[in-house]
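> Sending over a structure as structure tokens; questions will come in a sec.
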Amino acid sequence: MSKKLKIATTSLAGCFGCHMSFLDIDERLLTLLELVEFNRSPITDIKHCSPCDIGLIEGGVCNAENVHVLHEFRKNCKILIAIGSCAITGGLPAQRNHLDLSACLTEVYLTEPGLAHGHIPNDPELPLPLDKVHPLHEVVKIDYFIPGCPPSGDAIWKFLTDLIAGKTPELGHGLINYD
Amino acid sequence: MTILAQSNDENLSQILARYDHNPANLLQILREVQESQSFIEADSINYLSQQLGISRADIEGVAGFYSFLHLQPQGEYRVLFSDNITDRMLGSQLLMEQMCQQLWLQPGKVSEDGLVSINTTSCTGMCDQGPAMLANGRAITRLSHQRVQEIGQLIRNRTPVADWPADFFQVEDQIHRSGPLLDNQLTAGDVLRQGLLLGSKAIVDVIKESGLRGRGGAGFSTGLKWEACRNAQGDARTVVCNADEGEPGTFKDRVLLTRQADLVFEGMTLCALAVGAQQGFLYLRGEYRYLLEPLQDVLQRRRERNLLGNNILNQPGFNFDIAIHLGAGAYICGEESALIESLEGKRGVPRNRPPFPVTHGYLQQPTALDNVETFCSAALAIQLGDENFRAIGTEKSSGSKLISVSGDCPRPGIYEYPFGVSVKQVLQDCGAVNTRAVQISGPSGMCIAENEFHRKLGFEDLPTAGAFMIFDDSRDMFGVALNFVHFFAHESCGFCTPCRVGTSMLKQTMDKIAAGHGTRHDLNEIEHLDQVLQISSHCGLGRTACNPVLHTLKHFRPAYENRLKSLDFEPAFDLDGALARARQMTGRDDAGAHLKSEGI
């Protein structure tokens, strides 16, 4: 066996559901660990990417920090994969796209009752929201897409093992569900 | 019931009576309602729904499909600027801006007083005398700053369109080269007399032997089509003439219908004799509404001369008549099965083929459907005999062909040539100089560059429905492709996902390149999209939608590359700009409140 492939994962504007689903590969995680080494990922708690073979990203792009993380992944990963509905279409967070951002912030922080002396948070520590939520492929080039909300553990397993084996990944019948 | 509602119902009931309360005439009924009311009100739909026994949803579905039918209030004056590339090259965009300024409104909106709305529409078939517009459905040609200003004044003064100066509506034939079709001195009825002498089977044989192929672009053997229709099982056969000349840059059928209407109807009646049809339709594109009355006059004259109706030319049992149906601004209805759906009063969505119209056409009965020019050529083949007809043109493309020349040349208009004429010859005859490219047969056809001008028009080499748009070396071919891509996205019927979504994605990608955000990756995406559209589209619209881009990419790649950022990928939007709202709302301007545009 040649040297292990490096994998990085992250969640942007997502719910971590795709990561939870990833863990649903259960004991196969041990088999996977024989083939790959995890780099930046919630699993390792490594904070920044170094050069990797595969990057898995769930969630869309809703703020400036998401853009920085996405750029970091794109720069470091040979193959970048968008996983789950939010990464592929913007998903649930993109429901705010038909609202004006100013109106959104005003409503949430200024006009909602119970917000005495409310103000729109402006601490430089906080990333600014983009005016729209974008799917990943509108911000960087994405090589592969794993659809689903979330995709099943089996689908993720099949996709990754195909990729590791050097095959063009294919999710056959039963691994993509529309219900 | 108010007096107003009562008079509306009366108006509707008159329209319904004219169309026999037949739901198959729904599109024609809606078109007349639109003409009389400027938009189709909910009350009218309720009334039609009751009277015709079809649901509101069905009626709204049909009305919503066609660009010239409106379910929302429109201006009293509805101005549509023809938006073909040839109109743009003649300055249509500037004229539209000027008119919007003059009348204080934005394109696509109705003015606040409800007086006027201004928008664009797909090619209106006046490319040789543009820029053109439709004002309440009437074609106006040769727009200039002065003419547009005069129109603005007439609208402000609420002068009815019928009272506008007649020269606004002048449509010239502009024939620069004629041949056996345009010079035809047919004495109405002569071809039918010859046909009766031959007998129906022999007519089909002559047409087959003549080698005549369909002039709408596809080039199927007309004789084989008639034979299949003749032999098909069915109770009632129909002849349909496709005059939905929607392919941008094509206007030869308009001239044939103006100059040689008798030849067209003679060809249709000949076809009826050959296949045994009793009813015929001419499906006339809505943009040519002004031809309706003159054509009806010709039909009436033919009825009076016993060339239509019962026992034509005293031949017992030779019964045939022709009705004219108008389209309502849908390019897709030029596709034969979509046209038949539209004739039946439905949304113009192409059918699954097979079965083909020759066996399952109008109302699922055998139908011979041909282009205007095909019917004229069929009549000509009978006049000349198959051998003489075959002597014109080339081996596999017999007869002559009308070419609609527009774009950068001093003599745009109609040119009739025997098939086999070279592109170079046409360019020479119309006086074109410094030609960079020619778009043959419209956006769905081919774009060819100078090194291919020796190529010949005909089914052997460059098949064409007749459009011939010329671009000289001052033209940006990327802009040409961009215009065509927008056209396809607008005209996709929306029935199948690959075409509905694919043409929009293609438009977005081209817009991205136009805005300077394009990368090499986007060019790859276009090629990928083309594969998806080719493989999975329901009809030819989706399959050909990428052609303008692929052909211009092949010949004029630098026109694209010059616009690309030399990066692998770039978003279609400005990342830092996307934070502007949040910066404004938070009052921040620190480094963290900005995003550098960096290529990844």
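Residues are referred to by chain and number: the chain letter is A, B, ... according to the order shown in the structure tokens, the number counts from 1 in that chain, and ligands are numbered separately from 1 in the order shown.
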Residues at most 8 Å from region 15-17 of chain A, counting only C-alpha atoms, excluding those fewer than 2 positions away in the same chain, as a list in words?
Ser11, Ala13, His19, Met20, Ser21, Glu58, Gly59, Cys149 and Pro150 of chain A
> Using 7 Å as the limit and counting only C-alpha atoms, can you tabulate each residue of chain A that touches chain B, with its shortest atom-to-atom distance in Å and the two atoms involved, as CSV?

```
residue,atom,partner,partner_atom,distance
A:Ala64,CA,B:Leu595,CA,6.9
A:His71,CA,B:Ile600,CA,6.8
A:Arg74,CA,B:Ile600,CA,6.7
A:Lys75,CA,B:Ile600,CA,6.5
A:Leu101,CA,B:Arg581,CA,6.9
A:Ser102,CA,B:Met585,CA,6.5
A:Ile120,CA,B:Thr586,CA,6.0
A:Pro121,CA,B:Thr586,CA,6.7
A:Asn122,CA,B:Thr586,CA,5.0
A:Pro124,CA,B:Gly592,CA,6.5
A:Leu128,CA,B:Ala582,CA,6.0
A:Pro129,CA,B:Ala582,CA,6.2
A:Leu130,CA,B:Leu579,CA,4.9
A:Asp131,CA,B:Ala578,CA,5.2
A:Glu138,CA,B:Pro571,CA,5.4
A:Val139,CA,B:Pro571,CA,4.8
A:Val140,CA,B:Phe569,CA,6.1
A:Lys141,CA,B:Phe569,CA,5.8
```
> With C-alpha atoms retained, could you export that selection as a CSV table (one decimal), in the first residue's frame?

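File written: selection_5.csv
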```csv
chain,number,residue,atom,x,y,z
A,64,ALA,CA,-16.7,36.2,5.3
A,71,HIS,CA,-10.3,29.4,0.0
A,74,ARG,CA,-9.3,25.0,-2.2
A,75,LYS,CA,-5.7,26.0,-2.0
A,101,LEU,CA,-30.0,41.6,4.5
A,102,SER,CA,-30.5,45.1,6.0
A,120,ILE,CA,-26.4,45.2,15.2
A,121,PRO,CA,-23.3,43.3,16.5
A,122,ASN,CA,-20.2,45.0,15.0
A,124,PRO,CA,-14.5,42.8,14.4
A,128,LEU,CA,-19.8,39.8,8.4
A,129,PRO,CA,-22.6,38.0,6.6
A,130,LEU,CA,-22.7,38.1,2.8
A,131,ASP,CA,-25.8,39.6,1.2
A,138,GLU,CA,-20.3,29.6,-7.0
A,139,VAL,CA,-17.3,30.7,-4.9
A,140,VAL,CA,-14.6,28.2,-5.9
A,141,LYS,CA,-14.3,25.3,-8.3
```
> Which one is closest to Leu256 (chain B): B:Lys401, B:Arg500, B:Arg563, B:Arg436? Count only C-alpha atoms.
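Answer, going by the shortest atom-to-atom distance: B:Lys401.
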> Excluding region 251-254 of chain B and any residue of its chain fewer than 4 positions from it, enumerate the residues within 8 Å of it, using only C-alpha atoms, and give them as a list in words.
Gly125, Met126, Cys127, Ala243, Glu245, Thr258, Tyr288, Val372, Glu373, Leu402, Ile403, Ser404, Ile414, Gly466 and Ala467 of chain B
> Write out as a PyMOL selection string each polymer residue whose atoms come within 8 Å of Ile7 (chain A), counting only C-alpha atoms; drop sequence neighbours fewer than 6 positions from it.
chain A and resi 36-40+52-56
> Output N, CA and C atoms for every residue in the selection just made, as a PDB file, in the first residue's frame.

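Once written, result-v3.pdb looks like this:
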```
ATOM      1  N   VAL A  36      -6.475   6.299   5.031  1.00  0.00           N
ATOM      2  CA  VAL A  36      -6.326   7.758   4.989  1.00  0.00           C
ATOM      3  C   VAL A  36      -5.869   8.298   6.340  1.00  0.00           C
ATOM      4  N   GLU A  37      -5.437   9.548   6.262  1.00  0.00           N
ATOM      5  CA  GLU A  37      -5.037  10.240   7.487  1.00  0.00           C
ATOM      6  C   GLU A  37      -5.837  11.535   7.512  1.00  0.00           C
ATOM      7  N   PHE A  38      -6.446  11.859   8.655  1.00  0.00           N
ATOM      8  CA  PHE A  38      -7.244  13.077   8.725  1.00  0.00           C
ATOM      9  C   PHE A  38      -6.383  14.293   9.023  1.00  0.00           C
ATOM     10  N   ASN A  39      -6.600  15.323   8.254  1.00  0.00           N
ATOM     11  CA  ASN A  39      -5.936  16.600   8.482  1.00  0.00           C
ATOM     12  C   ASN A  39      -6.948  17.488   9.191  1.00  0.00           C
ATOM     13  N   ARG A  40      -7.036  18.787   8.782  1.00  0.00           N
ATOM     14  CA  ARG A  40      -8.007  19.659   9.431  1.00  0.00           C
ATOM     15  C   ARG A  40      -9.396  19.035   9.384  1.00  0.00           C
ATOM     16  N   CYS A  52      -3.476  18.578   1.194  1.00  0.00           N
ATOM     17  CA  CYS A  52      -4.257  17.355   1.340  1.00  0.00           C
ATOM     18  C   CYS A  52      -4.621  16.786  -0.022  1.00  0.00           C
ATOM     19  N   ASP A  53      -5.083  15.549  -0.013  1.00  0.00           N
ATOM     20  CA  ASP A  53      -5.580  14.960  -1.255  1.00  0.00           C
ATOM     21  C   ASP A  53      -7.060  15.255  -1.451  1.00  0.00           C
ATOM     22  N   ILE A  54      -7.817  15.123  -0.359  1.00  0.00           N
ATOM     23  CA  ILE A  54      -9.273  15.252  -0.491  1.00  0.00           C
ATOM     24  C   ILE A  54      -9.813  16.213   0.568  1.00  0.00           C
ATOM     25  N   GLY A  55     -10.681  17.120   0.156  1.00  0.00           N
ATOM     26  CA  GLY A  55     -11.380  17.993   1.100  1.00  0.00           C
ATOM     27  C   GLY A  55     -12.871  17.742   0.997  1.00  0.00           C
ATOM     28  N   LEU A  56     -13.509  17.582   2.155  1.00  0.00           N
ATOM     29  CA  LEU A  56     -14.970  17.367   2.183  1.00  0.00           C
ATOM     30  C   LEU A  56     -15.594  18.561   2.881  1.00  0.00           C
TER      31      LEU A  56
END
```
> If you count only C-alpha atoms, which residues fall within 12 Å of Leu29 (chain A), apart from same-chain ones fewer than 4 positions away, as a PyMOL selection string?
chain A and resi 21-25+33-38+43+153-154+156-157+160-161
> Check the DSSP output for the backbone and give back, as a PyMOL selection string, the residues of chain A in alpha helix (DSSP H).
chain A and resi 17-23+28-35+64-76+85-89+101-106+153-164
> Quick one: everything within 9 Å of region 350-361 of chain B, counting only C-alpha atoms, minus sequence neighbours fewer than 5 positions away in the same chain. Send it as a PyMOL selection string.
chain B and resi 225-234+237-238+332-333+335-341+366-369+493+495+538-539
> Kindly save the residues from that selection, with C-alpha atoms included, as a PDB file, in the first residue's frame.

```pdb
ATOM      1  CA  LYS B 225     -44.032  12.609 -46.186  1.00  0.00           C
ATOM      2  CA  TRP B 226     -47.091  13.003 -48.422  1.00  0.00           C
ATOM      3  CA  GLU B 227     -47.031   9.324 -49.275  1.00  0.00           C
ATOM      4  CA  ALA B 228     -46.882   8.336 -45.591  1.00  0.00           C
ATOM      5  CA  CYS B 229     -49.780  10.662 -44.819  1.00  0.00           C
ATOM      6  CA  ARG B 230     -51.758   9.324 -47.744  1.00  0.00           C
ATOM      7  CA  ASN B 231     -51.231   5.727 -46.615  1.00  0.00           C
ATOM      8  CA  ALA B 232     -51.822   6.369 -42.898  1.00  0.00           C
ATOM      9  CA  GLN B 233     -54.917   5.008 -41.158  1.00  0.00           C
ATOM     10  CA  GLY B 234     -57.363   7.736 -40.192  1.00  0.00           C
ATOM     11  CA  ARG B 237     -56.611  14.135 -42.893  1.00  0.00           C
ATOM     12  CA  THR B 238     -55.238  17.611 -42.446  1.00  0.00           C
ATOM     13  CA  ILE B 332     -41.032  26.664 -30.130  1.00  0.00           C
ATOM     14  CA  CYS B 333     -44.269  26.492 -32.147  1.00  0.00           C
ATOM     15  CA  GLU B 335     -41.339  22.755 -34.238  1.00  0.00           C
ATOM     16  CA  GLU B 336     -43.973  20.691 -36.057  1.00  0.00           C
ATOM     17  CA  SER B 337     -45.450  18.776 -33.125  1.00  0.00           C
ATOM     18  CA  ALA B 338     -45.499  21.889 -30.909  1.00  0.00           C
ATOM     19  CA  LEU B 339     -47.236  23.705 -33.758  1.00  0.00           C
ATOM     20  CA  ILE B 340     -49.920  21.017 -33.849  1.00  0.00           C
ATOM     21  CA  GLU B 341     -50.413  21.265 -30.080  1.00  0.00           C
ATOM     22  CA  PRO B 366     -52.828  11.920 -40.331  1.00  0.00           C
ATOM     23  CA  THR B 367     -51.395  15.353 -41.064  1.00  0.00           C
ATOM     24  CA  ALA B 368     -49.103  16.655 -43.791  1.00  0.00           C
ATOM     25  CA  LEU B 369     -47.234  19.589 -42.310  1.00  0.00           C
ATOM     26  CA  CYS B 493     -40.787  25.929 -23.501  1.00  0.00           C
ATOM     27  CA  PHE B 495     -41.281  21.272 -20.423  1.00  0.00           C
ATOM     28  CA  HIS B 538     -36.753  16.653 -25.380  1.00  0.00           C
ATOM     29  CA  CYS B 539     -36.532  18.466 -28.711  1.00  0.00           C
TER      30      CYS B 539
END
```
> Write out as a count of residues only each polymer residue whose atoms come within 10 Å of His486 (chain B), counting only C-alpha atoms; drop sequence neighbours fewer than 3 positions from it.
15
> For CA of Ile392 (chain B) and CA of Pro463 (chain B), determine how far apart the two atoms are, in Å to one decimal place.
16.4 Å
> Rounded to one decimal, what separation in Å do you get between CA of Val206 (chain B) and CA of Tyr417 (chain B)?
22.1 Å
